[in-house]
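Visitor: Dropping in query.pdb, which is PDB, C-alpha atoms:
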```
ATOM      1  CA  MET A 215      19.080  -5.401  13.523
ATOM      2  CA  THR A 216      21.657  -2.622  13.379
ATOM      3  CA  ASP A 217      20.694   0.813  14.583
ATOM      4  CA  ASN A 218      22.807   2.885  12.211
ATOM      5  CA  PRO A 219      21.842   6.622  12.187
ATOM      6  CA  SER A 220      22.353   6.831   8.409
ATOM      7  CA  ASN A 221      19.920   3.916   7.977
ATOM      8  CA  ARG A 222      17.381   5.741  10.141
ATOM      9  CA  ASN A 223      17.753   8.888   8.039
ATOM     10  CA  TRP A 224      17.013   7.418   4.620
ATOM     11  CA  ARG A 225      14.269   5.174   5.946
ATOM     12  CA  ASN A 226      12.663   8.039   7.858
ATOM     13  CA  TYR A 227      12.755  10.073   4.653
ATOM     14  CA  LEU A 228      10.965   7.280   2.779
ATOM     15  CA  PHE A 229       8.419   6.981   5.595
ATOM     16  CA  THR A 230       7.699  10.719   5.777
ATOM     17  CA  TYR A 231       7.299  11.237   2.019
ATOM     18  CA  ARG A 232       5.776   7.874   1.073
ATOM     19  CA  SER A 233       2.513   9.547  -0.027
ATOM     20  CA  TYR A 234       4.340  11.680  -2.613
ATOM     21  CA  THR A 235       6.673   9.172  -4.253
ATOM     22  CA  PRO A 236       3.967   7.799  -6.601
ATOM     23  CA  ILE A 237       3.515  11.250  -8.224
ATOM     24  CA  PRO A 238       6.447  11.070 -10.721
ATOM     25  CA  PHE A 239       5.324   7.613 -11.842
ATOM     26  CA  LEU A 240       1.759   8.887 -12.180
ATOM     27  CA  LEU A 241       2.811  11.835 -14.365
ATOM     28  CA  VAL A 242       4.874   9.619 -16.680
ATOM     29  CA  MET A 243       2.028   7.120 -16.812
ATOM     30  CA  LEU A 244      -0.546   9.733 -17.817
ATOM     31  CA  PHE A 245       1.761  11.216 -20.470
ATOM     32  CA  PHE A 246       2.385   7.837 -22.149
ATOM     33  CA  ALA A 247      -1.028   6.290 -21.429
ATOM     34  CA  LYS A 248      -2.498   4.067 -24.151
ATOM     35  CA  PRO A 249      -5.445   2.417 -22.379
ATOM     36  CA  THR A 250      -7.399  -0.386 -23.991
ATOM     37  CA  PRO A 251     -10.627  -2.033 -22.838
ATOM     38  CA  LEU A 252      -8.634  -5.055 -21.610
ATOM     39  CA  SER A 253      -5.996  -3.000 -19.792
ATOM     40  CA  LEU A 254      -8.688  -0.847 -18.153
ATOM     41  CA  ALA A 255     -10.623  -3.880 -16.938
ATOM     42  CA  LEU A 256      -7.656  -5.927 -15.677
ATOM     43  CA  GLY A 257      -5.950  -2.928 -14.146
ATOM     44  CA  PHE A 258      -9.055  -1.709 -12.366
ATOM     45  CA  ILE A 259      -9.700  -5.148 -10.858
ATOM     46  CA  THR A 260      -6.085  -5.257  -9.588
ATOM     47  CA  ALA A 261      -6.244  -1.711  -8.197
ATOM     48  CA  LEU A 262      -9.638  -2.335  -6.590
ATOM     49  CA  LEU A 263      -8.276  -5.474  -4.910
ATOM     50  CA  GLY A 264      -5.448  -3.360  -3.505
ATOM     51  CA  GLU A 265      -7.882  -0.753  -2.194
ATOM     52  CA  LEU A 266     -10.079  -3.427  -0.608
ATOM     53  CA  ILE A 267      -7.047  -4.836   1.214
ATOM     54  CA  ARG A 268      -6.180  -1.312   2.381
ATOM     55  CA  PHE A 269      -9.752  -0.680   3.531
ATOM     56  CA  TRP A 270      -9.810  -3.961   5.468
ATOM     57  CA  GLY A 271      -6.521  -3.093   7.150
ATOM     58  CA  VAL A 272      -7.525   0.465   8.053
ATOM     59  CA  SER A 273     -10.801  -0.794   9.541
ATOM     60  CA  TYR A 274      -8.655  -2.484  12.202
ATOM     61  CA  ALA A 275      -5.601  -0.206  12.471
ATOM     62  CA  GLY A 276      -7.377   3.163  12.158
ATOM     63  CA  SER A 277      -6.048   6.538  11.054
ATOM     64  CA  GLU A 278      -2.652   5.960  12.708
ATOM     65  CA  THR A 279      -1.717   4.351   9.406
ATOM     66  CA  ARG A 280      -1.625   7.800   7.775
ATOM     67  CA  THR A 281       0.912   9.410  10.111
ATOM     68  CA  THR A 282       3.862  10.977   8.288
ATOM     69  CA  GLY A 283       6.000  12.306  11.136
ATOM     70  CA  THR A 284       7.849   9.676  13.109
ATOM     71  CA  VAL A 285       7.268   5.938  13.140
ATOM     72  CA  GLY A 286       5.008   4.877  15.997
ATOM     73  CA  GLY A 287       1.814   3.203  17.086
ATOM     74  CA  THR A 288      -0.239   2.804  20.235
ATOM     75  CA  GLN A 289      -0.876  -0.930  19.855
ATOM     76  CA  LEU A 290       0.244  -4.016  17.990
ATOM     77  CA  VAL A 291      -2.646  -4.860  15.673
ATOM     78  CA  THR A 292      -2.933  -8.602  15.025
ATOM     79  CA  SER A 293      -6.607  -8.871  13.983
ATOM     80  CA  GLY A 294      -8.281  -8.899  10.579
ATOM     81  CA  PRO A 295      -5.770  -8.906   7.700
ATOM     82  CA  TYR A 296      -2.946  -8.467  10.219
ATOM     83  CA  SER A 297      -3.583 -12.013  11.396
ATOM     84  CA  TYR A 298      -2.485 -13.222   7.924
ATOM     85  CA  LEU A 299       0.330 -10.802   7.031
ATOM     86  CA  ARG A 300       2.103  -8.011   8.859
ATOM     87  CA  ASN A 301       1.839  -5.268   6.224
ATOM     88  CA  PRO A 302      -1.500  -5.474   4.423
ATOM     89  CA  LEU A 303      -1.601  -1.738   3.674
ATOM     90  CA  TYR A 304       1.710  -1.782   1.843
ATOM     91  CA  LEU A 305       0.672  -4.858  -0.123
ATOM     92  CA  GLY A 306      -2.584  -3.046  -0.951
ATOM     93  CA  ASN A 307      -0.632   0.013  -2.113
ATOM     94  CA  ILE A 308       1.599  -2.047  -4.397
ATOM     95  CA  LEU A 309      -1.445  -3.717  -5.964
ATOM     96  CA  MET A 310      -3.127  -0.328  -6.430
ATOM     97  CA  TYR A 311      -0.075   1.168  -8.148
ATOM     98  CA  LEU A 312       0.384  -1.929 -10.292
ATOM     99  CA  GLY A 313      -3.301  -1.891 -11.237
ATOM    100  CA  ILE A 314      -3.204   1.758 -12.261
ATOM    101  CA  GLY A 315      -0.109   1.055 -14.351
ATOM    102  CA  ILE A 316      -1.885  -1.813 -16.095
ATOM    103  CA  MET A 317      -4.936   0.391 -16.707
ATOM    104  CA  SER A 318      -2.811   3.042 -18.397
ATOM    105  CA  ASN A 319      -0.964   0.531 -20.598
ATOM    106  CA  ALA A 320       1.907   3.062 -20.564
ATOM    107  CA  LEU A 321       5.408   1.936 -21.573
ATOM    108  CA  MET A 322       4.453  -1.691 -20.969
ATOM    109  CA  PRO A 323       5.976  -3.649 -19.360
ATOM    110  CA  TYR A 324       8.853  -1.361 -18.384
ATOM    111  CA  LEU A 325       7.111   1.374 -16.382
ATOM    112  CA  PRO A 326       5.081  -1.017 -14.184
ATOM    113  CA  LEU A 327       8.187  -3.150 -13.573
ATOM    114  CA  VAL A 328      10.348  -0.149 -12.637
ATOM    115  CA  ALA A 329       7.588   1.156 -10.355
ATOM    116  CA  LEU A 330       7.121  -2.287  -8.776
ATOM    117  CA  VAL A 331      10.853  -2.619  -8.047
ATOM    118  CA  TYR A 332      10.973   0.894  -6.592
ATOM    119  CA  PHE A 333       7.969   0.428  -4.306
ATOM    120  CA  ILE A 334       9.245  -2.944  -3.076
ATOM    121  CA  PHE A 335      12.504  -1.148  -2.204
ATOM    122  CA  GLN A 336      10.646   1.744  -0.551
ATOM    123  CA  TYR A 337       8.332  -0.394   1.558
ATOM    124  CA  SER A 338      11.121  -2.790   2.527
ATOM    125  CA  GLY A 339      13.047   0.152   3.972
ATOM    126  CA  ILE A 340      10.019   1.565   5.753
ATOM    127  CA  VAL A 341       9.007  -1.821   7.149
ATOM    128  CA  THR A 342      12.418  -2.508   8.704
ATOM    129  CA  LEU A 343      12.233   0.888  10.419
ATOM    130  CA  GLU A 344       8.720   0.189  11.705
ATOM    131  CA  GLU A 345       9.678  -3.280  12.874
ATOM    132  CA  GLU A 346      12.560  -1.900  14.935
ATOM    133  CA  TYR A 347      10.042   0.332  16.716
ATOM    134  CA  LEU A 348       7.623  -2.567  17.251
ATOM    135  CA  ALA A 349      10.388  -4.790  18.635
ATOM    136  CA  ARG A 350      11.350  -2.102  21.152
ATOM    137  CA  THR A 351       7.773  -1.296  22.145
ATOM    138  CA  PHE A 352       5.681  -4.481  22.267
ATOM    139  CA  ALA A 353       6.612  -7.599  24.229
ATOM    140  CA  ASP A 354       4.517  -9.883  21.997
ATOM    141  CA  TRP A 355       6.133  -8.655  18.762
ATOM    142  CA  ASP A 356       8.570 -11.585  18.459
ATOM    143  CA  GLU A 357       5.813 -14.194  18.694
ATOM    144  CA  TYR A 358       3.722 -12.317  16.127
ATOM    145  CA  ARG A 359       6.690 -11.937  13.773
ATOM    146  CA  ARG A 360       7.479 -15.663  13.947
ATOM    147  CA  HIS A 361       3.947 -16.684  12.950
ATOM    148  CA  VAL A 362       2.931 -14.002  10.407
ATOM    149  CA  GLY A 363       4.692 -13.176   7.134
ATOM    150  CA  ARG A 364       5.959  -9.702   6.272
ATOM    151  CA  PHE A 365       4.469  -9.342   2.778
ATOM    152  CA  LEU A 366       3.244 -12.808   1.776
ATOM    153  CA  PRO A 367       0.070 -13.912   3.581
ATOM    154  CA  ARG A 368      -0.002 -17.211   5.423
ATOM    155  CA  MET A 369      -3.062 -19.388   5.224
ATOM    156  CA  LYS A 370      -3.102 -20.136   8.951
ATOM    157  CA  ARG A 371      -4.635 -17.300  10.939
ATOM    158  CA  PHE A 372      -2.691 -15.885  13.884
ATOM    159  CA  ARG A 373      -5.001 -15.805  16.917
ATOM    160  CA  ALA A 374      -2.854 -14.543  19.816
ATOM    161  CA  GLY A 375      -3.076 -10.972  21.102
ATOM    162  CA  ALA A 376      -6.011  -8.683  21.792
ATOM    163  CA  ALA A 377      -8.890  -9.212  19.334
ATOM    164  CA  LEU A 378     -10.116  -5.990  17.726
ATOM    165  CA  GLU A 379     -13.422  -5.257  16.016
ATOM    166  CA  PRO A 380     -13.357  -3.534  12.614
ATOM    167  CA  ASP A 381     -14.665   0.011  12.318
ATOM    168  CA  TYR A 382     -15.752   0.328   8.687
ATOM    169  CA  LEU A 383     -17.097   3.862   9.018
ATOM    170  CA  ARG A 384     -13.767   5.056  10.412
ATOM    171  CA  ALA A 385     -12.001   3.228   7.587
ATOM    172  CA  LEU A 386     -14.232   4.924   5.007
ATOM    173  CA  ARG A 387     -13.398   8.341   6.434
ATOM    174  CA  SER A 388      -9.684   7.538   6.499
ATOM    175  CA  GLU A 389      -9.682   6.119   2.965
ATOM    176  CA  ARG A 390     -11.534   9.001   1.296
ATOM    177  CA  SER A 391      -8.392  10.390  -0.310
ATOM    178  CA  SER A 392      -7.304   6.981  -1.646
ATOM    179  CA  LEU A 393     -10.773   6.255  -3.000
ATOM    180  CA  LEU A 394     -10.952   9.709  -4.597
ATOM    181  CA  ALA A 395      -7.510   9.279  -6.184
ATOM    182  CA  LEU A 396      -8.351   5.842  -7.590
ATOM    183  CA  SER A 397     -11.709   7.057  -8.921
ATOM    184  CA  SER A 398     -10.204  10.197 -10.484
ATOM    185  CA  ILE A 399      -7.352   8.360 -12.192
ATOM    186  CA  SER A 400      -9.737   5.686 -13.477
ATOM    187  CA  ILE A 401     -12.069   8.322 -14.945
ATOM    188  CA  ILE A 402      -9.146  10.158 -16.574
ATOM    189  CA  LEU A 403      -7.878   6.951 -18.183
ATOM    190  CA  VAL A 404     -11.354   6.032 -19.443
ATOM    191  CA  LEU A 405     -11.736   9.526 -20.911
ATOM    192  CA  LEU A 406      -8.328   9.235 -22.611
ATOM    193  CA  PHE A 407      -9.424   5.942 -24.152
ATOM    194  CA  VAL A 408     -12.740   7.419 -25.368
ATOM    195  CA  LEU A 409     -11.204  10.622 -26.710
ATOM    196  CA  ARG A 410      -8.381   8.850 -28.539
ATOM    197  CA  GLY A 411     -10.845   6.381 -29.985
ATOM    198  CA  ALA A 412     -13.022   9.220 -31.263
ATOM    199  CA  ALA A 413     -10.065  11.131 -32.768
TER     200      ALA A 413
END
```
Take the structure in the file and write it out as structure tokens.
Guide:
Amino acid sequence: MTDNPSNRNWRNYLFTYRSYTPIPFLLVMLFFAKPTPLSLALGFITALLGELIRFWGVSYAGSETRTTGTVGGTQLVTSGPYSYLRNPLYLGNILMYLGIGIMSNALMPYLPLVALVYFIFQYSGIVTLEEEYLARTFADWDEYRRHVGRFLPRMKRFRAGAALEPDYLRALRSERSSLLALSSISIILVLLFVLRGAA
């Protein structure tokens, strides 16, 4: 991997502001939303699956996953969903955003496709930055990387490394903002469907 300062700059920018980049897509989505019963149901199931993957990952990795300063971590987590893929939270995020886009039925299929391409680009940049840190910091990173996929889960569970126990209460506390956002957006889209149907 090259350690180009310009690469670090744009990837650090994506890492620091990753919580805010969905906002423009969300605003466009709400403005052009045309939810239907089918889009609401399919989209909510997709978004809920994404949140469940996030919750599972946070129950093992903890609140370090929400840091927005510099890339870091106190341990290499290889338990739970991390024993099947290296970036379950980012996969969960992509499914959540895709699900919300399907719920809204806004500018289909163009807006969800544009958002999907953007977030794949964003998370690919962030992940390469994080992986450079992990390679420098943890001796067992190379073995983990060889056996566990970056974004696509592998069926065979990786069992090396320190086994961690999930902390679901900690995960619930950490995921409050994500759960609140998903619930709020879902309610808004349902209300838009009801109000437009009554008009």
Visitor: Name the residues within 12 Å of (10.6, -1.3, -11.8), counting all atoms listed in the file in the file's coordinates, and put them as a short mmCIF file (atom, residue, chain, number, x, y, z; two decimals) with C-alpha atoms, in the coordinates of the input.
Guide:
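Wrote it out as out_2.cif, contents follow:
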```cif
data_model
loop_
_atom_site.label_atom_id
_atom_site.label_comp_id
_atom_site.auth_asym_id
_atom_site.auth_seq_id
_atom_site.Cartn_x
_atom_site.Cartn_y
_atom_site.Cartn_z
CA PHE A 239 5.32 7.61 -11.84
CA ILE A 308 1.60 -2.05 -4.40
CA TYR A 311 -0.08 1.17 -8.15
CA LEU A 312 0.38 -1.93 -10.29
CA GLY A 315 -0.11 1.06 -14.35
CA LEU A 321 5.41 1.94 -21.57
CA MET A 322 4.45 -1.69 -20.97
CA PRO A 323 5.98 -3.65 -19.36
CA TYR A 324 8.85 -1.36 -18.38
CA LEU A 325 7.11 1.37 -16.38
CA PRO A 326 5.08 -1.02 -14.18
CA LEU A 327 8.19 -3.15 -13.57
CA VAL A 328 10.35 -0.15 -12.64
CA ALA A 329 7.59 1.16 -10.36
CA LEU A 330 7.12 -2.29 -8.78
CA VAL A 331 10.85 -2.62 -8.05
CA TYR A 332 10.97 0.89 -6.59
CA PHE A 333 7.97 0.43 -4.31
CA ILE A 334 9.24 -2.94 -3.08
CA PHE A 335 12.50 -1.15 -2.20
CA GLN A 336 10.65 1.74 -0.55
#
```
Visitor: Which is closer to A:Thr250 than all the others in A:Ser293, A:Thr288, A:Asn319, A:Ser273, using all atoms listed in the file?
Guide: A:Asn319
Visitor: Using all atoms listed in the file, which of the listed residues (A:Tyr298, A:Trp355, A:Trp270, A:Phe246) sits closest to A:Arg371?
Guide: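 Looking at the shortest contact to A:Arg371, the residue is A:Tyr298.
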Visitor: Could you tell me which of A:Ile237, A:Leu299, A:Ile401, A:Leu263 comes closest to A:Met369 if we count all atoms listed in the file?
Guide: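 Answer, going by the shortest atom-to-atom distance: A:Leu299.
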Visitor: Separation of atom CA of A:Ser233 and atom CA of A:Ile314, in Å?
Guide: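 One can read the atom CA of A:Ser233 to atom CA of A:Ile314 distance as 15.6 Å.
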Visitor: Could you pull the residues within 12 Å of A:Lys248, counting all atoms listed in the file, minus those fewer than 5 positions along the same chain, as an MDAnalysis selection string?
Guide: chainID A and resid 242:243 253:254 315:322 402:411
Visitor: Just stretch 225-307 of chain A, please, as a PDB file, in the first residue's frame (only C-alpha atoms).
Guide:
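result-v4.pdb, written as the output of this step:
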```pdb
ATOM      1  CA  ARG A 225      -9.593   9.534   3.075  1.00  0.00           C
ATOM      2  CA  ASN A 226      -9.284  11.220   6.466  1.00  0.00           C
ATOM      3  CA  TYR A 227     -11.862  13.756   5.309  1.00  0.00           C
ATOM      4  CA  LEU A 228     -14.256  10.950   4.354  1.00  0.00           C
ATOM      5  CA  PHE A 229     -13.619   9.230   7.691  1.00  0.00           C
ATOM      6  CA  THR A 230     -14.167  12.368   9.782  1.00  0.00           C
ATOM      7  CA  TYR A 231     -17.384  13.455   8.043  1.00  0.00           C
ATOM      8  CA  ARG A 232     -18.850  10.034   7.225  1.00  0.00           C
ATOM      9  CA  SER A 233     -21.845  10.654   9.527  1.00  0.00           C
ATOM     10  CA  TYR A 234     -22.868  13.759   7.556  1.00  0.00           C
ATOM     11  CA  THR A 235     -22.536  12.599   3.955  1.00  0.00           C
ATOM     12  CA  PRO A 236     -25.962  10.871   3.925  1.00  0.00           C
ATOM     13  CA  ILE A 237     -27.735  14.201   4.646  1.00  0.00           C
ATOM     14  CA  PRO A 238     -27.852  15.552   1.036  1.00  0.00           C
ATOM     15  CA  PHE A 239     -29.200  12.218  -0.204  1.00  0.00           C
ATOM     16  CA  LEU A 240     -31.762  12.216   2.604  1.00  0.00           C
ATOM     17  CA  LEU A 241     -33.005  15.719   1.737  1.00  0.00           C
ATOM     18  CA  VAL A 242     -33.388  14.868  -1.958  1.00  0.00           C
ATOM     19  CA  MET A 243     -35.097  11.616  -1.024  1.00  0.00           C
ATOM     20  CA  LEU A 244     -37.650  13.318   1.222  1.00  0.00           C
ATOM     21  CA  PHE A 245     -38.385  16.007  -1.383  1.00  0.00           C
ATOM     22  CA  PHE A 246     -39.090  13.464  -4.150  1.00  0.00           C
ATOM     23  CA  ALA A 247     -40.547  10.718  -1.937  1.00  0.00           C
ATOM     24  CA  LYS A 248     -43.441   8.714  -3.394  1.00  0.00           C
ATOM     25  CA  PRO A 249     -43.781   5.826  -0.926  1.00  0.00           C
ATOM     26  CA  THR A 250     -46.071   2.901  -1.616  1.00  0.00           C
ATOM     27  CA  PRO A 251     -47.069   0.041   0.684  1.00  0.00           C
ATOM     28  CA  LEU A 252     -44.675  -2.282  -1.184  1.00  0.00           C
ATOM     29  CA  SER A 253     -41.750   0.153  -1.150  1.00  0.00           C
ATOM     30  CA  LEU A 254     -42.282   0.865   2.563  1.00  0.00           C
ATOM     31  CA  ALA A 255     -42.338  -2.829   3.443  1.00  0.00           C
ATOM     32  CA  LEU A 256     -39.378  -3.927   1.296  1.00  0.00           C
ATOM     33  CA  GLY A 257     -37.317  -0.892   2.188  1.00  0.00           C
ATOM     34  CA  PHE A 258     -37.936  -1.208   5.905  1.00  0.00           C
ATOM     35  CA  ILE A 259     -36.935  -4.885   5.892  1.00  0.00           C
ATOM     36  CA  THR A 260     -33.691  -3.984   4.060  1.00  0.00           C
ATOM     37  CA  ALA A 261     -32.934  -1.068   6.396  1.00  0.00           C
ATOM     38  CA  LEU A 262     -33.747  -3.139   9.485  1.00  0.00           C
ATOM     39  CA  LEU A 263     -31.384  -5.878   8.283  1.00  0.00           C
ATOM     40  CA  GLY A 264     -28.668  -3.241   7.962  1.00  0.00           C
ATOM     41  CA  GLU A 265     -29.325  -1.958  11.478  1.00  0.00           C
ATOM     42  CA  LEU A 266     -29.278  -5.488  12.904  1.00  0.00           C
ATOM     43  CA  ILE A 267     -25.879  -6.091  11.295  1.00  0.00           C
ATOM     44  CA  ARG A 268     -24.659  -2.794  12.769  1.00  0.00           C
ATOM     45  CA  PHE A 269     -26.021  -3.684  16.209  1.00  0.00           C
ATOM     46  CA  TRP A 270     -24.331  -7.098  16.100  1.00  0.00           C
ATOM     47  CA  GLY A 271     -21.031  -5.497  15.128  1.00  0.00           C
ATOM     48  CA  VAL A 272     -21.180  -2.765  17.773  1.00  0.00           C
ATOM     49  CA  SER A 273     -21.971  -5.354  20.458  1.00  0.00           C
ATOM     50  CA  TYR A 274     -18.450  -6.690  19.857  1.00  0.00           C
ATOM     51  CA  ALA A 275     -16.492  -3.596  18.770  1.00  0.00           C
ATOM     52  CA  GLY A 276     -18.058  -1.062  21.164  1.00  0.00           C
ATOM     53  CA  SER A 277     -18.314   2.712  20.911  1.00  0.00           C
ATOM     54  CA  GLU A 278     -14.875   3.031  19.275  1.00  0.00           C
ATOM     55  CA  THR A 279     -16.768   2.541  16.028  1.00  0.00           C
ATOM     56  CA  ARG A 280     -18.209   6.058  16.361  1.00  0.00           C
ATOM     57  CA  THR A 281     -14.913   7.947  16.597  1.00  0.00           C
ATOM     58  CA  THR A 282     -14.607  10.771  14.065  1.00  0.00           C
ATOM     59  CA  GLY A 283     -11.141  12.162  14.774  1.00  0.00           C
ATOM     60  CA  THR A 284      -8.280   9.999  13.603  1.00  0.00           C
ATOM     61  CA  VAL A 285      -8.374   6.367  12.553  1.00  0.00           C
ATOM     62  CA  GLY A 286      -7.478   4.040  15.412  1.00  0.00           C
ATOM     63  CA  GLY A 287      -8.502   1.179  17.639  1.00  0.00           C
ATOM     64  CA  THR A 288      -7.293  -0.528  20.787  1.00  0.00           C
ATOM     65  CA  GLN A 289      -7.743  -4.094  19.534  1.00  0.00           C
ATOM     66  CA  LEU A 290      -8.303  -6.161  16.424  1.00  0.00           C
ATOM     67  CA  VAL A 291     -11.853  -7.474  16.750  1.00  0.00           C
ATOM     68  CA  THR A 292     -12.293 -10.873  15.089  1.00  0.00           C
ATOM     69  CA  SER A 293     -15.373 -12.187  16.948  1.00  0.00           C
ATOM     70  CA  GLY A 294     -19.069 -12.113  16.098  1.00  0.00           C
ATOM     71  CA  PRO A 295     -19.757 -10.672  12.628  1.00  0.00           C
ATOM     72  CA  TYR A 296     -16.064  -9.794  12.307  1.00  0.00           C
ATOM     73  CA  SER A 297     -15.310 -13.499  12.051  1.00  0.00           C
ATOM     74  CA  TYR A 298     -17.261 -13.532   8.747  1.00  0.00           C
ATOM     75  CA  LEU A 299     -16.367 -10.160   7.197  1.00  0.00           C
ATOM     76  CA  ARG A 300     -14.019  -7.352   8.135  1.00  0.00           C
ATOM     77  CA  ASN A 301     -16.419  -4.404   7.846  1.00  0.00           C
ATOM     78  CA  PRO A 302     -19.886  -5.391   9.044  1.00  0.00           C
ATOM     79  CA  LEU A 303     -20.777  -1.853  10.149  1.00  0.00           C
ATOM     80  CA  TYR A 304     -20.147  -0.379   6.721  1.00  0.00           C
ATOM     81  CA  LEU A 305     -22.128  -3.165   5.072  1.00  0.00           C
ATOM     82  CA  GLY A 306     -24.914  -2.469   7.585  1.00  0.00           C
ATOM     83  CA  ASN A 307     -24.808   1.244   6.736  1.00  0.00           C
TER      84      ASN A 307
END
```
